[in-house]
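**Student:** Before anything else, here's the structure in question.
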Amino acid sequence: MPPRPFTPKVVTASDLLEGDVIYLAQDGSWTRDLAQAALLTEEDTAKARLAEAEAQPGKIVGAYLADMKASETGPEPVHFREDFRRTGPSNYAHGKQEDLQNV
């Protein structure tokens, strides 16, 4: 069976100290905003950026390449898991969802 074609990805991980989902930006910094993540469209570049992330064990944990698609507002998840992860913790007591007033 032939290998699957490469699809766009972002490098994602969890912040080691805070536990938040973070994304690798174009400049090598980490962001909590998926719209600011670097969308990687070449497999070799994606592998290199993942290796760059994995070389930061004092900052992040669990780095991997997540499938995305391009949109006008930046990378967008193609799978439910990544869409769910970007919303933050699944309870409303902390994290990104803390500011929600309708809960």
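Each chain in the structure tokens gets a letter, A, B, ..., in the order shown, and its residues are numbered from 1; ligands are numbered from 1 in order too.
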When DSSP is applied to the backbone of this structure, which of chain A are assigned helix (DSSP H, G or I)? Write them out as a CSV table (one decimal) with N, CA and C atoms, in the first residue's frame.
**Tutor:**
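Output file result00.csv is given in full below:
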```
chain,number,residue,atom,x,y,z
A,34,LEU,N,-4.4,29.0,18.6
A,34,LEU,CA,-4.2,28.2,17.4
A,34,LEU,C,-4.0,29.0,16.1
A,35,ALA,N,-4.7,30.2,16.1
A,35,ALA,CA,-4.6,31.0,14.9
A,35,ALA,C,-3.2,31.5,14.7
A,36,GLN,N,-2.4,31.5,15.7
A,36,GLN,CA,-1.0,32.0,15.6
A,36,GLN,C,0.0,30.9,15.4
A,43,GLU,N,6.5,17.9,4.7
A,43,GLU,CA,6.8,16.9,5.7
A,43,GLU,C,8.1,17.1,6.4
A,44,ASP,N,9.2,17.4,5.7
A,44,ASP,CA,10.5,17.5,6.3
A,44,ASP,C,10.5,18.7,7.2
A,45,THR,N,9.9,19.8,6.9
A,45,THR,CA,9.8,20.9,7.8
A,45,THR,C,9.0,20.5,9.1
A,46,ALA,N,8.0,19.8,8.9
A,46,ALA,CA,7.2,19.4,10.0
A,46,ALA,C,8.0,18.5,11.0
A,47,LYS,N,8.7,17.6,10.5
A,47,LYS,CA,9.5,16.7,11.3
A,47,LYS,C,10.6,17.5,12.0
A,48,ALA,N,11.2,18.5,11.3
A,48,ALA,CA,12.2,19.3,12.0
A,48,ALA,C,11.7,20.2,13.1
A,49,ARG,N,10.5,20.8,12.9
A,49,ARG,CA,9.8,21.6,13.9
A,49,ARG,C,9.4,20.7,15.1
A,50,LEU,N,9.0,19.5,14.8
A,50,LEU,CA,8.6,18.6,15.9
A,50,LEU,C,9.9,18.3,16.8
A,51,ALA,N,11.0,18.0,16.1
A,51,ALA,CA,12.2,17.8,16.8
A,51,ALA,C,12.7,19.0,17.6
A,52,GLU,N,12.5,20.2,17.1
A,52,GLU,CA,12.7,21.4,17.8
A,52,GLU,C,11.9,21.5,19.1
A,53,ALA,N,10.7,21.1,19.0
A,53,ALA,CA,9.8,21.2,20.2
A,53,ALA,C,10.2,20.1,21.2
A,54,GLU,N,10.5,18.9,20.7
A,54,GLU,CA,10.9,17.8,21.6
A,54,GLU,C,12.2,18.1,22.4
A,80,PHE,N,-12.0,16.1,15.5
A,80,PHE,CA,-12.7,16.6,16.7
A,80,PHE,C,-11.8,16.7,17.9
A,81,ARG,N,-10.8,15.8,18.0
A,81,ARG,CA,-9.9,15.9,19.2
A,81,ARG,C,-9.2,17.2,19.3
A,82,GLU,N,-8.7,17.7,18.2
A,82,GLU,CA,-7.9,18.9,18.2
A,82,GLU,C,-8.9,20.1,18.4
A,83,ASP,N,-10.1,20.0,17.8
A,83,ASP,CA,-11.0,21.1,18.0
A,83,ASP,C,-11.4,21.2,19.5
A,84,PHE,N,-11.6,20.1,20.2
A,84,PHE,CA,-11.9,20.0,21.6
A,84,PHE,C,-10.7,20.5,22.4
A,85,ARG,N,-9.5,20.1,22.1
A,85,ARG,CA,-8.3,20.5,22.9
A,85,ARG,C,-8.1,22.0,22.9
A,95,GLY,N,-8.5,28.1,33.3
A,95,GLY,CA,-8.1,28.0,31.9
A,95,GLY,C,-8.9,29.0,31.0
A,96,LYS,N,-8.9,28.7,29.8
A,96,LYS,CA,-9.6,29.5,28.8
A,96,LYS,C,-11.0,29.7,29.0
A,97,GLN,N,-11.7,28.8,29.7
A,97,GLN,CA,-13.1,28.8,29.8
A,97,GLN,C,-13.5,29.6,31.1
A,98,GLU,N,-12.5,30.0,31.9
A,98,GLU,CA,-12.8,30.8,33.1
A,98,GLU,C,-13.6,32.0,32.9
A,99,ASP,N,-13.4,32.7,31.8
A,99,ASP,CA,-14.0,34.0,31.5
A,99,ASP,C,-15.4,33.9,30.9
```
**Student:** When DSSP works through the backbone of this structure, what residues of chain A end up as strand (DSSP E or B), shown as a PDB file with C-alpha atoms, in the first residue's frame?
**Tutor:**
```
ATOM      1  CA  LYS A   9      -0.011  20.094  10.406  1.00  0.00           C
ATOM      2  CA  VAL A  10       0.884  22.159  13.450  1.00  0.00           C
ATOM      3  CA  VAL A  11       3.157  21.203  16.324  1.00  0.00           C
ATOM      4  CA  THR A  12       1.161  21.019  19.535  1.00  0.00           C
ATOM      5  CA  ALA A  13       2.011  20.049  23.094  1.00  0.00           C
ATOM      6  CA  SER A  14       1.039  20.782  26.674  1.00  0.00           C
ATOM      7  CA  ASP A  15       2.780  23.464  28.706  1.00  0.00           C
ATOM      8  CA  VAL A  21      -2.521  23.256  25.151  1.00  0.00           C
ATOM      9  CA  ILE A  22       0.125  25.209  23.251  1.00  0.00           C
ATOM     10  CA  TYR A  23       1.179  25.490  19.619  1.00  0.00           C
ATOM     11  CA  LEU A  24       4.532  26.223  18.011  1.00  0.00           C
ATOM     12  CA  ALA A  25       4.508  29.591  16.226  1.00  0.00           C
ATOM     13  CA  TRP A  30       4.799  28.910  21.950  1.00  0.00           C
ATOM     14  CA  THR A  31       1.275  30.293  21.752  1.00  0.00           C
ATOM     15  CA  ALA A  37       0.437  28.519  15.114  1.00  0.00           C
ATOM     16  CA  LEU A  40       3.434  23.265   8.232  1.00  0.00           C
ATOM     17  CA  ILE A  60       6.588  21.245  27.120  1.00  0.00           C
ATOM     18  CA  VAL A  61       5.368  17.663  27.302  1.00  0.00           C
ATOM     19  CA  GLY A  62       3.735  15.396  24.730  1.00  0.00           C
ATOM     20  CA  ALA A  63       4.597  17.211  21.505  1.00  0.00           C
ATOM     21  CA  TYR A  64       3.099  15.837  18.301  1.00  0.00           C
ATOM     22  CA  LEU A  65       1.989  16.870  14.816  1.00  0.00           C
ATOM     23  CA  ALA A  66      -1.733  17.587  14.580  1.00  0.00           C
ATOM     24  CA  ASP A  67      -3.609  17.541  11.271  1.00  0.00           C
ATOM     25  CA  MET A  68      -4.984  20.936  10.279  1.00  0.00           C
ATOM     26  CA  LYS A  69      -6.347  22.790   7.287  1.00  0.00           C
ATOM     27  CA  GLU A  76      -8.217  24.911  11.722  1.00  0.00           C
ATOM     28  CA  PRO A  77      -8.530  21.367  13.097  1.00  0.00           C
TER      29      PRO A  77
END
```
